[in-house]
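Coordinates from work30.cif are shown below (mmCIF, C-alpha atoms).
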data_model
#
loop_
_atom_site.label_atom_id
_atom_site.label_comp_id
_atom_site.auth_asym_id
_atom_site.auth_seq_id
_atom_site.Cartn_x
_atom_site.Cartn_y
_atom_site.Cartn_z
CA MET P 1 0.00 0.00 0.00
CA ASN P 2 1.34 3.46 -0.83
CA GLU P 3 -0.64 6.35 0.60
CA LYS P 4 0.65 8.78 -2.04
CA CYS P 5 -1.24 6.85 -4.66
CA PHE P 6 -4.65 8.18 -3.51
CA GLY P 7 -6.28 5.15 -5.10
CA LEU P 8 -5.91 6.50 -8.61
CA GLY P 9 -4.36 3.26 -9.76
CA ASP P 10 -2.29 4.61 -12.63
CA ARG P 11 0.86 5.90 -10.94
CA ASN P 12 2.71 2.63 -10.47
CA LEU P 13 4.16 3.77 -7.13
CA PRO P 14 6.16 1.29 -5.03
CA LYS P 15 4.02 -1.11 -2.99
CA CYS P 16 0.87 0.24 -4.63
CA GLU P 17 -1.82 -2.40 -5.27
CA CYS P 18 -4.24 -0.06 -6.96
CA LYS P 19 -3.24 -1.02 -10.48
CA ASP P 20 -3.82 -4.70 -9.75
CA LEU P 21 -7.13 -3.88 -8.13
CA PHE P 22 -8.22 -1.82 -11.13
CA GLU P 23 -7.19 -4.56 -13.54
CA ARG P 24 -9.18 -7.12 -11.59
CA PHE P 25 -12.13 -4.74 -11.50
CA ASN P 26 -11.95 -4.19 -15.26
CA LEU P 27 -11.84 -7.94 -15.84
CA GLN P 28 -14.95 -8.39 -13.73
CA MET P 29 -16.69 -5.58 -15.59
CA THR P 30 -15.88 -7.32 -18.89
CA ILE P 31 -17.66 -10.39 -17.58
CA LEU P 32 -20.64 -8.39 -16.32
CA LEU P 33 -20.94 -5.91 -19.19
CA ASP P 34 -20.87 -6.38 -22.94
CA SER P 35 -18.88 -4.31 -25.44
CA SER P 36 -21.50 -1.57 -25.42
CA GLY P 37 -21.24 -1.25 -21.62
CA ALA P 38 -24.64 -2.82 -21.02
CA PRO P 39 -25.20 -5.69 -18.59
CA ARG P 40 -24.96 -9.05 -20.32
CA HIS P 41 -28.05 -11.16 -20.87
CA LYS P 42 -28.04 -14.39 -18.91
CA GLN P 43 -29.57 -17.81 -19.25
CA ILE P 44 -30.53 -19.96 -16.27
CA GLU P 45 -31.32 -23.61 -15.93
CA VAL P 46 -35.06 -24.21 -16.02
CA GLN P 47 -36.50 -27.65 -16.62
CA THR P 48 -39.86 -29.25 -17.20
CA ARG P 49 -41.11 -31.81 -14.70
CA LEU P 50 -39.67 -34.49 -16.96
CA GLY P 51 -36.25 -32.85 -16.99
CA SER P 52 -36.09 -31.24 -20.43
CA SER P 53 -34.27 -27.91 -20.48
CA ILE P 54 -36.42 -24.86 -21.19
CA ASP P 55 -34.75 -22.23 -23.36
CA ASN P 56 -34.79 -18.83 -21.68
CA ILE P 57 -33.04 -15.49 -21.37
CA GLN P 58 -32.78 -12.83 -18.67
CA PRO P 59 -32.35 -9.47 -20.40
CA TRP P 60 -30.84 -6.92 -18.04
CA HIS P 61 -30.55 -3.99 -20.45
CA TYR P 62 -31.66 -0.55 -19.27
CA ALA P 63 -32.65 0.60 -15.82
CA PRO P 64 -36.27 0.65 -14.57
CA PHE P 65 -36.25 4.41 -15.16
CA GLU P 66 -35.52 3.79 -18.83
CA TRP P 67 -38.31 1.25 -19.24
CA ASN P 68 -40.69 3.64 -17.52
CA GLN P 69 -40.00 6.10 -20.35
CA LEU P 70 -42.09 3.75 -22.49
CA ASP P 71 -44.99 3.83 -20.08
CA VAL P 72 -48.29 4.12 -21.88
CA ASP P 73 -51.74 5.57 -21.47
CA TRP P 74 -53.28 3.02 -19.17
CA SER P 75 -56.80 4.45 -19.02
CA LYS P 76 -58.16 2.47 -21.99
CA TYR P 77 -57.30 -0.84 -20.29
CA GLN P 78 -58.41 0.43 -16.91
CA ALA P 79 -61.83 1.23 -18.38
CA LEU P 80 -62.10 -2.42 -19.44
CA GLY P 81 -61.38 -3.63 -15.91
CA ALA P 82 -57.62 -4.25 -16.13
CA VAL P 83 -55.53 -3.58 -13.03
CA ARG P 84 -51.75 -3.27 -12.96
CA VAL P 85 -50.28 -5.11 -10.01
CA ASN P 86 -46.61 -4.10 -10.25
CA GLY P 87 -44.08 -2.06 -12.22
CA VAL P 88 -42.25 -2.75 -15.47
CA CYS P 89 -39.59 -5.49 -15.47
CA PRO P 90 -37.81 -6.80 -18.57
CA VAL P 91 -36.27 -9.81 -16.84
CA TYR P 92 -39.27 -12.12 -17.27
CA ASN P 93 -42.08 -12.34 -19.81
CA CYS P 94 -45.61 -13.72 -19.77
CA HIS P 95 -44.43 -17.32 -20.12
CA GLY P 96 -41.83 -16.56 -17.44
CA LEU P 97 -44.67 -15.68 -15.07
CA THR P 98 -46.93 -18.55 -16.13
CA PHE P 99 -44.31 -21.30 -16.35
CA GLY P 100 -41.10 -19.92 -14.81
CA SER P 101 -41.92 -18.27 -11.47
CA ARG P 102 -40.88 -14.81 -12.71
CA ARG P 103 -37.26 -15.91 -13.01
CA THR P 104 -36.61 -15.39 -16.69
CA GLN P 105 -38.04 -14.83 -20.16
CA VAL P 106 -39.17 -18.28 -21.25
CA ASP P 107 -38.73 -18.98 -24.97
CA TRP P 108 -41.88 -18.09 -26.88
CA SER P 109 -41.51 -20.64 -29.67
CA PRO P 110 -44.40 -23.06 -30.28
CA ALA P 111 -42.04 -26.00 -29.72
CA THR P 112 -41.04 -24.81 -26.24
CA ILE P 113 -44.55 -23.94 -25.07
CA SER P 114 -45.95 -27.19 -26.37
CA MET P 115 -43.11 -29.11 -24.65
CA ILE P 116 -43.84 -27.38 -21.34
CA LEU P 117 -47.56 -28.10 -21.60
CA LYS P 118 -46.90 -31.74 -22.38
CA GLU P 119 -44.03 -32.45 -19.99
CA ASP P 120 -45.51 -30.56 -17.07
CA GLY P 121 -48.68 -32.61 -17.41
CA PHE P 122 -51.15 -30.01 -18.65
CA GLU P 123 -54.35 -31.01 -20.39
CA GLU P 124 -56.66 -28.77 -22.39
CA ILE P 125 -60.03 -28.02 -20.88
CA PRO P 126 -63.13 -26.17 -22.10
CA TYR P 127 -63.41 -22.50 -21.14
CA ARG P 128 -66.43 -23.18 -18.91
CA GLU P 129 -64.49 -25.70 -16.83
CA ALA P 130 -61.49 -23.42 -16.29
CA LYS P 131 -60.92 -22.58 -12.63
CA ILE P 132 -58.57 -20.50 -10.52
CA GLY P 133 -54.98 -21.60 -11.08
CA ASN P 134 -55.55 -22.96 -14.56
CA VAL P 135 -53.45 -21.60 -17.41
CA VAL P 136 -54.58 -19.75 -20.52
CA VAL P 137 -52.51 -19.46 -23.70
CA TYR P 138 -53.36 -16.94 -26.43
CA TYR P 139 -52.58 -18.18 -29.95
CA GLY P 140 -52.06 -15.97 -33.01
CA ASP P 141 -53.56 -16.62 -36.45
CA ASP P 142 -50.50 -18.67 -37.36
CA GLY P 143 -51.01 -20.91 -34.31
CA LYS P 144 -48.03 -19.50 -32.44
CA PRO P 145 -48.40 -18.85 -28.71
CA GLU P 146 -48.31 -15.06 -28.28
CA HIS P 147 -49.29 -14.68 -24.64
CA SER P 148 -50.14 -16.66 -21.53
CA GLY P 149 -51.44 -16.15 -18.04
CA VAL P 150 -53.06 -17.74 -15.01
CA LEU P 151 -56.78 -17.70 -14.23
CA VAL P 152 -57.45 -15.88 -10.97
CA GLY P 153 -61.24 -15.67 -10.97
CA ARG P 154 -64.26 -14.57 -12.95
CA GLN P 155 -65.94 -11.21 -13.26
CA LYS P 156 -69.07 -11.18 -11.09
CA ASP P 157 -71.50 -9.67 -13.56
CA TYR P 158 -70.40 -11.27 -16.83
CA ASP P 159 -68.71 -14.52 -15.78
CA VAL P 160 -65.72 -13.55 -17.90
CA ALA P 161 -62.42 -15.13 -16.86
CA LEU P 162 -60.00 -12.87 -15.03
CA VAL P 163 -56.40 -13.51 -16.05
CA TRP P 164 -53.18 -12.61 -14.24
CA SER P 165 -50.48 -12.13 -16.85
CA LYS P 166 -47.23 -10.33 -17.58
CA TRP P 167 -47.37 -7.94 -20.51
CA GLY P 168 -44.05 -8.26 -22.29
CA LYS P 169 -41.38 -6.27 -20.49
CA GLY P 170 -44.08 -4.22 -18.82
CA HIS P 171 -46.39 -4.85 -15.92
CA GLU P 172 -48.15 -7.77 -14.40
CA VAL P 173 -51.83 -7.16 -14.96
CA VAL P 174 -55.05 -8.73 -13.75
CA HIS P 175 -57.48 -8.31 -16.62
CA PRO P 176 -60.64 -9.74 -18.14
CA LEU P 177 -59.75 -12.42 -20.72
CA GLY P 178 -60.14 -10.14 -23.75
CA ALA P 179 -59.04 -6.83 -22.23
CA CYS P 180 -55.43 -6.93 -23.35
CA LEU P 181 -53.33 -6.51 -26.48
CA TRP P 182 -53.98 -10.15 -27.37
CA GLY P 183 -57.74 -9.84 -26.89
CA GLY P 184 -58.79 -10.94 -30.38
CA MET P 185 -56.74 -14.11 -30.37
CA GLN P 186 -57.82 -17.70 -29.85
CA THR P 187 -57.48 -18.76 -26.22
CA LEU P 188 -57.01 -22.29 -24.94
CA PHE P 189 -57.20 -23.28 -21.29
CA TYR P 190 -55.10 -25.91 -19.55
CA ARG P 191 -54.97 -27.51 -16.14
CA ILE P 192 -52.34 -29.70 -14.55
CA ARG P 193 -53.45 -33.30 -14.79
CA GLU P 194 -53.12 -35.30 -11.62
CA TRP P 195 -50.47 -37.96 -11.91
CA LYS P 196 -48.33 -39.75 -9.40
CA SER P 197 -45.07 -40.67 -11.02
CA HIS P 198 -42.98 -40.29 -14.12
CA ASN P 199 -44.12 -43.71 -15.33
CA ASP P 200 -47.81 -42.93 -14.80
CA PHE P 201 -47.37 -39.73 -16.71
CA MET P 202 -45.57 -41.37 -19.61
CA HIS P 203 -48.20 -44.13 -19.65
CA ASN P 204 -51.14 -41.72 -19.69
CA SER P 205 -49.76 -39.17 -22.15
CA MET W 206 -28.11 8.52 -32.31
CA GLU W 207 -28.46 11.38 -34.71
CA ILE W 208 -31.97 11.79 -36.08
CA PRO W 209 -32.22 13.26 -39.61
CA GLN W 210 -33.61 16.80 -39.34
CA ARG W 211 -36.76 16.14 -41.32
CA LEU W 212 -37.83 13.33 -38.98
CA HIS W 213 -39.94 14.69 -36.15
CA ALA W 214 -39.64 12.67 -32.96
CA GLN W 215 -43.25 13.21 -31.90
CA PHE W 216 -44.49 11.26 -34.93
CA VAL W 217 -42.29 8.28 -34.12
CA GLU W 218 -42.19 8.20 -30.33
CA THR W 219 -45.94 7.75 -30.12
CA PRO W 220 -47.91 6.11 -27.30
CA SER W 221 -48.93 3.23 -29.56
CA VAL W 222 -45.31 2.48 -30.51
CA LYS W 223 -44.22 2.66 -26.88
CA GLU W 224 -47.02 0.30 -25.95
CA VAL W 225 -46.06 -2.27 -28.56
CA ILE W 226 -42.38 -2.21 -27.62
CA LEU W 227 -43.05 -2.45 -23.91
CA PHE W 228 -45.77 -5.10 -24.07
CA SER W 229 -44.77 -7.37 -26.97
CA ASN W 230 -43.97 -10.91 -25.95
CA THR W 231 -42.71 -12.09 -29.31
CA PRO W 232 -40.90 -10.60 -32.32
CA SER W 233 -43.74 -11.60 -34.65
CA PHE W 234 -46.29 -9.70 -32.55
CA LEU W 235 -44.01 -6.66 -32.44
CA VAL W 236 -43.54 -6.67 -36.22
CA ASN W 237 -47.21 -7.31 -36.99
CA ARG W 238 -48.31 -4.42 -34.80
CA LEU W 239 -45.57 -1.96 -35.75
CA ARG W 240 -45.84 -2.42 -39.51
CA ARG W 241 -49.47 -1.27 -39.29
CA ASP W 242 -48.54 1.71 -37.13
CA ASN W 243 -48.55 5.27 -38.48
CA ALA W 244 -45.12 5.92 -36.96
CA VAL W 245 -43.56 3.27 -39.17
CA SER W 246 -45.36 4.56 -42.29
CA TYR W 247 -44.24 8.08 -41.43
CA LEU W 248 -40.61 7.03 -41.08
CA ALA W 249 -40.76 4.99 -44.30
CA GLU W 250 -42.21 7.94 -46.20
CA THR W 251 -39.89 10.54 -44.71
CA LEU W 252 -36.68 8.64 -45.30
CA ASN W 253 -36.67 8.65 -49.09
CA THR W 254 -34.69 5.57 -49.91
CA THR W 255 -33.99 2.13 -48.55
CA GLU W 256 -30.30 2.97 -48.45
CA GLU W 257 -30.98 6.00 -46.28
CA THR W 258 -33.10 3.86 -43.95
CA ILE W 259 -30.35 1.26 -43.64
CA ASN W 260 -27.76 3.96 -42.99
CA PHE W 261 -29.96 5.36 -40.25
CA LEU W 262 -30.47 1.88 -38.78
CA ASP W 263 -26.69 1.50 -38.70
CA THR W 264 -26.53 4.38 -36.23
CA LEU W 265 -29.08 2.70 -33.95
CA VAL W 266 -27.67 -0.78 -33.55
CA LYS W 267 -26.30 -0.17 -30.07
CA PRO W 268 -29.16 1.61 -28.33
CA THR W 269 -28.08 3.12 -25.03
CA ASN W 270 -31.59 3.84 -23.79
CA THR W 271 -35.15 2.77 -24.50
CA THR W 272 -35.84 5.76 -26.74
CA GLU W 273 -33.02 4.69 -29.04
CA LEU W 274 -34.34 1.15 -28.82
CA LEU W 275 -37.74 2.45 -29.96
CA TRP W 276 -36.15 4.18 -32.97
CA ALA W 277 -34.22 1.03 -33.79
CA TYR W 278 -37.37 -1.11 -33.86
CA VAL W 279 -39.37 1.44 -35.86
CA THR W 280 -36.57 1.85 -38.41
CA LEU W 281 -36.01 -1.89 -38.70
CA VAL W 282 -39.71 -2.62 -39.17
CA SER W 283 -40.04 0.23 -41.70
CA LEU W 284 -37.88 -1.87 -44.02
CA PHE W 285 -40.85 -4.24 -44.31
CA LEU W 286 -42.65 -1.45 -46.18
CA ARG W 287 -39.90 -1.08 -48.80
CA ASP W 288 -40.33 -2.91 -52.06
CA ASP W 289 -36.69 -2.84 -53.14
CA ILE W 290 -34.99 -4.43 -50.16
CA GLY W 291 -34.06 -7.39 -52.36
CA ASN W 292 -31.32 -5.12 -53.72
CA PHE W 293 -29.93 -4.62 -50.22
CA LYS W 294 -30.08 -8.19 -48.98
CA ASP W 295 -26.34 -8.49 -48.25
CA ARG W 296 -26.20 -5.09 -46.62
CA ILE W 297 -29.12 -5.91 -44.33
CA ALA W 298 -27.62 -9.31 -43.50
CA SER W 299 -24.35 -7.69 -42.44
CA ILE W 300 -25.83 -5.31 -39.86
CA ASP W 301 -24.98 -6.26 -36.27
CA LEU W 302 -28.36 -6.50 -34.53
CA SER W 303 -27.12 -8.48 -31.53
CA HIS W 304 -27.73 -5.57 -29.15
CA ILE W 305 -31.42 -5.37 -30.05
CA GLN W 306 -33.55 -8.13 -28.57
CA TRP W 307 -35.25 -10.08 -31.40
CA GLY W 308 -33.21 -8.08 -33.94
CA ASP W 309 -31.95 -11.23 -35.64
CA GLU W 310 -35.41 -12.83 -35.69
CA ILE W 311 -36.97 -9.70 -37.20
CA ARG W 312 -34.26 -9.54 -39.85
CA SER W 313 -34.83 -13.23 -40.67
CA ASP W 314 -38.54 -12.53 -41.20
CA LEU W 315 -37.66 -9.50 -43.33
CA LEU W 316 -35.27 -11.42 -45.55
CA ALA W 317 -37.71 -14.32 -45.78
CA GLU W 318 -40.33 -11.95 -47.17
CA ILE W 319 -38.15 -10.89 -50.08
CA THR W 320 -37.56 -14.47 -51.17
CA PRO W 321 -39.90 -15.30 -54.07
CA THR W 322 -42.48 -17.69 -52.72
CA SER W 323 -44.36 -18.73 -55.84
CA PHE W 324 -44.29 -18.78 -59.60
CA GLN W 325 -47.62 -19.51 -61.16
CA LYS W 326 -48.62 -19.86 -64.76
CA VAL W 327 -52.25 -18.97 -65.12
CA GLU W 328 -54.22 -19.63 -68.28
CA TYR W 329 -57.42 -17.72 -68.82
CA HIS W 330 -59.28 -20.17 -71.07
CA GLY W 331 -62.61 -18.82 -69.93
CA ILE W 332 -62.07 -15.41 -71.49
CA GLY W 333 -60.12 -16.61 -74.49
CA ILE W 334 -56.65 -15.50 -73.52
CA ALA W 335 -54.27 -18.42 -73.56
CA ASP W 336 -50.60 -18.58 -72.60
CA SER W 337 -50.70 -15.40 -70.60
CA HIS W 338 -48.52 -15.77 -67.62
CA LEU W 339 -48.03 -14.06 -64.33
CA ASP W 340 -44.69 -13.77 -62.62
CA ALA W 341 -45.45 -13.56 -58.96
CA THR W 342 -42.94 -12.59 -56.35
CA ASN W 343 -43.48 -12.08 -52.68
CA VAL W 344 -47.07 -13.28 -52.81
CA SER W 345 -48.83 -16.40 -51.72
CA VAL W 346 -51.44 -17.89 -53.96
CA GLU W 347 -54.30 -19.87 -52.54
CA PRO W 348 -54.87 -23.09 -54.51
CA LYS W 349 -58.65 -22.96 -54.06
CA LYS W 350 -58.89 -19.56 -55.72
CA LEU W 351 -56.81 -20.79 -58.64
CA GLU W 352 -59.12 -23.74 -59.06
CA ALA W 353 -61.99 -21.30 -59.39
CA VAL W 354 -60.16 -19.44 -62.16
CA ARG W 355 -59.57 -22.64 -64.08
#
Show the structure stored in the file as structure tokens.
Amino acid sequence: MNEKCFGLGDRNLPKCECKDLFERFNLQMTILLDSSGAPRHKQIEVQTRLGSSIDNIQPWHYAPFEWNQLDVDWSKYQALGAVRVNGVCPVYNCHGLTFGSRRTQVDWSPATISMILKEDGFEEIPYREAKIGNVVVYYGDDGKPEHSGVLVGRQKDYDVALVWSKWGKGHEVVHPLGACLWGGMQTLFYRIREWKSHNDFMHNS
Amino acid sequence: MEIPQRLHAQFVETPSVKEVILFSNTPSFLVNRLRRDNAVSYLAETLNTTEETINFLDTLVKPTNTTELLWAYVTLVSLFLRDDIGNFKDRIASIDLSHIQWGDEIRSDLLAEITPTSFQKVEYHGIGIADSHLDATNVSVEPKKLEAVR
């Protein structure tokens, strides 16, 4: 340690450790940040009940303040009965909420969603039979899953399903089934089938 | 990011564009919604040429904030409205879009659209014009409708 260094790290004074410290710090920053200085995206291990890996990504770009710059006029959704339940967060998406416990953005491809539904033991059920805790997936015209959420109740007056879902990088929202950006799409409902073991599941599927 | 002077930010940074970028769960949803948005049409009309649009996109590939990200998406999707991007295929393929989430997927969709998807010879026997032919690029032809013509 050399007190004349003042922690600047670039003087190379005798017994000064600052330069080493700065080099180690820079190395760590290279691991944490990409070439543009933004935090690197990460991938975590998420598996289905049967052990298949689920493709995912945790995007860390931009601070919450930045994402809030994209905040939108919420009144049109509010008028339809939608309620925001938290702030924006880019780290997880709708499928990350529905199938990944808010940990990450779960891959949106049809292959991944269909694998999760199959290997986690979901079965499709009619809309009328859907209950709290069941899952809804919104499918686009091309059959691709565009959105998903969890049923949390039904509207008292109209018996319309209330869905709890994550809107992209934005908010978690509790909303009537059709009161969202994906409102015009086909919706299918799923519930976890009861099964006791891996073998039972494989036998019954 | 340096915005060309004739582009007015208020016509691009609109609430509907912000909504799509914040709430989209998939690249296909983002593209489908943005390409119908006035902001994208405005940018496509204001930037005169495809080359100018690509040059502008080049300045946006490392967005440092969400406003720049918004411009990057709008500019990228505006290329879907160009009818001469086939001439810029290599240039578009060489742009580094790794700092824009879904950038590579959107580019793949864009380049897929400029690939000719059908070539159909149609004979109009019913109205007495034979051996006319139609060169079709970038369109899909529904077999049932063709049957009706025959």
Show me a table, sorted first by chain and then by increasing residue number, of the residues of stretch 280-312 of chain W having an atom at most 9 Å from stretch 242-264 of chain W, each with its shortest atom pair and the distance in Å to one decimal, counting only C-alpha atoms and written as a Markdown table.
| residue | atom | partner | partner_atom | distance |
| --- | --- | --- | --- | --- |
| W:Thr280 | CA | W:Leu262 | CA | 6.1 |
| W:Leu281 | CA | W:Leu262 | CA | 6.7 |
| W:Val282 | CA | W:Val245 | CA | 7.0 |
| W:Ser283 | CA | W:Val245 | CA | 5.3 |
| W:Leu284 | CA | W:Thr255 | CA | 7.2 |
| W:Leu286 | CA | W:Ala249 | CA | 7.0 |
| W:Arg287 | CA | W:Thr255 | CA | 6.7 |
| W:Asp288 | CA | W:Thr255 | CA | 8.8 |
| W:Asp289 | CA | W:Thr255 | CA | 7.3 |
| W:Ile290 | CA | W:Thr255 | CA | 6.8 |
| W:Phe293 | CA | W:Glu256 | CA | 7.8 |
| W:Arg296 | CA | W:Ile259 | CA | 8.2 |
| W:Ile297 | CA | W:Ile259 | CA | 7.3 |
| W:Ile300 | CA | W:Asp263 | CA | 7.0 |
| W:Asp301 | CA | W:Asp263 | CA | 8.3 |
Mind dumping the selected residues with C-alpha atoms as a PDB file, in the frame of the given file?
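Output (again_20.pdb):
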ATOM      1  CA  THR W 280     -36.570   1.850 -38.410  1.00  0.00           C
ATOM      2  CA  LEU W 281     -36.010  -1.890 -38.700  1.00  0.00           C
ATOM      3  CA  VAL W 282     -39.710  -2.620 -39.170  1.00  0.00           C
ATOM      4  CA  SER W 283     -40.040   0.230 -41.700  1.00  0.00           C
ATOM      5  CA  LEU W 284     -37.880  -1.870 -44.020  1.00  0.00           C
ATOM      6  CA  LEU W 286     -42.650  -1.450 -46.180  1.00  0.00           C
ATOM      7  CA  ARG W 287     -39.900  -1.080 -48.800  1.00  0.00           C
ATOM      8  CA  ASP W 288     -40.330  -2.910 -52.060  1.00  0.00           C
ATOM      9  CA  ASP W 289     -36.690  -2.840 -53.140  1.00  0.00           C
ATOM     10  CA  ILE W 290     -34.990  -4.430 -50.160  1.00  0.00           C
ATOM     11  CA  PHE W 293     -29.930  -4.620 -50.220  1.00  0.00           C
ATOM     12  CA  ARG W 296     -26.200  -5.090 -46.620  1.00  0.00           C
ATOM     13  CA  ILE W 297     -29.120  -5.910 -44.330  1.00  0.00           C
ATOM     14  CA  ILE W 300     -25.830  -5.310 -39.860  1.00  0.00           C
ATOM     15  CA  ASP W 301     -24.980  -6.260 -36.270  1.00  0.00           C
TER      16      ASP W 301
END
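Within 6 Å of chain P, counting only C-alpha atoms, chain W contributes W:Pro220, W:Lys223, W:Glu224, W:Leu227, W:Phe228, W:Ser229, W:Asn230, W:Thr271.
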Exercise. For this file, the PyMOL selection byres ((chain P and resi 154-163) around 12) selects which residues, as a PyMOL selection string?
Worked result: chain P and resi 80-84+94+97-98+127-138+147-153+164-167+172-180+183+187+189
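Selection result for the displayed file, with the PyMOL selection byres ((chain W and resi 304-313) around 7) as criterion, is Pro232, Val266, Lys267, Leu302, Ser303, Asp314, Leu315, Leu316 and Ala317 of chain W.
Here atom CA of P:Ser75 is placed at a distance of 24.0 Å from atom CA of W:Thr231.
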Problem set entry | P:Ser52 environment, 9 Å, all atoms listed in the file, sequence neighbours closer than 3 positions dropped, as a list in words | Val46, Gln47, Thr48, Arg49, Met115, Ile116 and Glu119 of chain P
Restricting it to C-alpha atoms, dump the selection as a short mmCIF file (atom, residue, chain, number, x, y, z; two decimals), in the frame of the given file.
data_model
loop_
_atom_site.label_atom_id
_atom_site.label_comp_id
_atom_site.auth_asym_id
_atom_site.auth_seq_id
_atom_site.Cartn_x
_atom_site.Cartn_y
_atom_site.Cartn_z
CA VAL P 46 -35.06 -24.21 -16.02
CA GLN P 47 -36.50 -27.65 -16.62
CA THR P 48 -39.86 -29.25 -17.20
CA ARG P 49 -41.11 -31.81 -14.70
CA MET P 115 -43.11 -29.11 -24.65
CA ILE P 116 -43.84 -27.38 -21.34
CA GLU P 119 -44.03 -32.45 -19.99
#
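Separating atom CA of P:Gly100 from atom CA of W:Ile226 is a distance of 21.9 Å.
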Build an axis-aligned box that encloses every atom of stretch 123-132 of chain P listed in the file, pad it by 4 Å on each side, and report its centre and edge lengths in Å to one decimal, as AutoDock Vina command-line options.
--center_x -60.4 --center_y -25.8 --center_z -16.5 --size_x 20.1 --size_y 18.5 --size_z 19.9
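A straight line drawn from atom CA of W:Glu218 to atom CA of P:Gly184 is 25.3 Å long.
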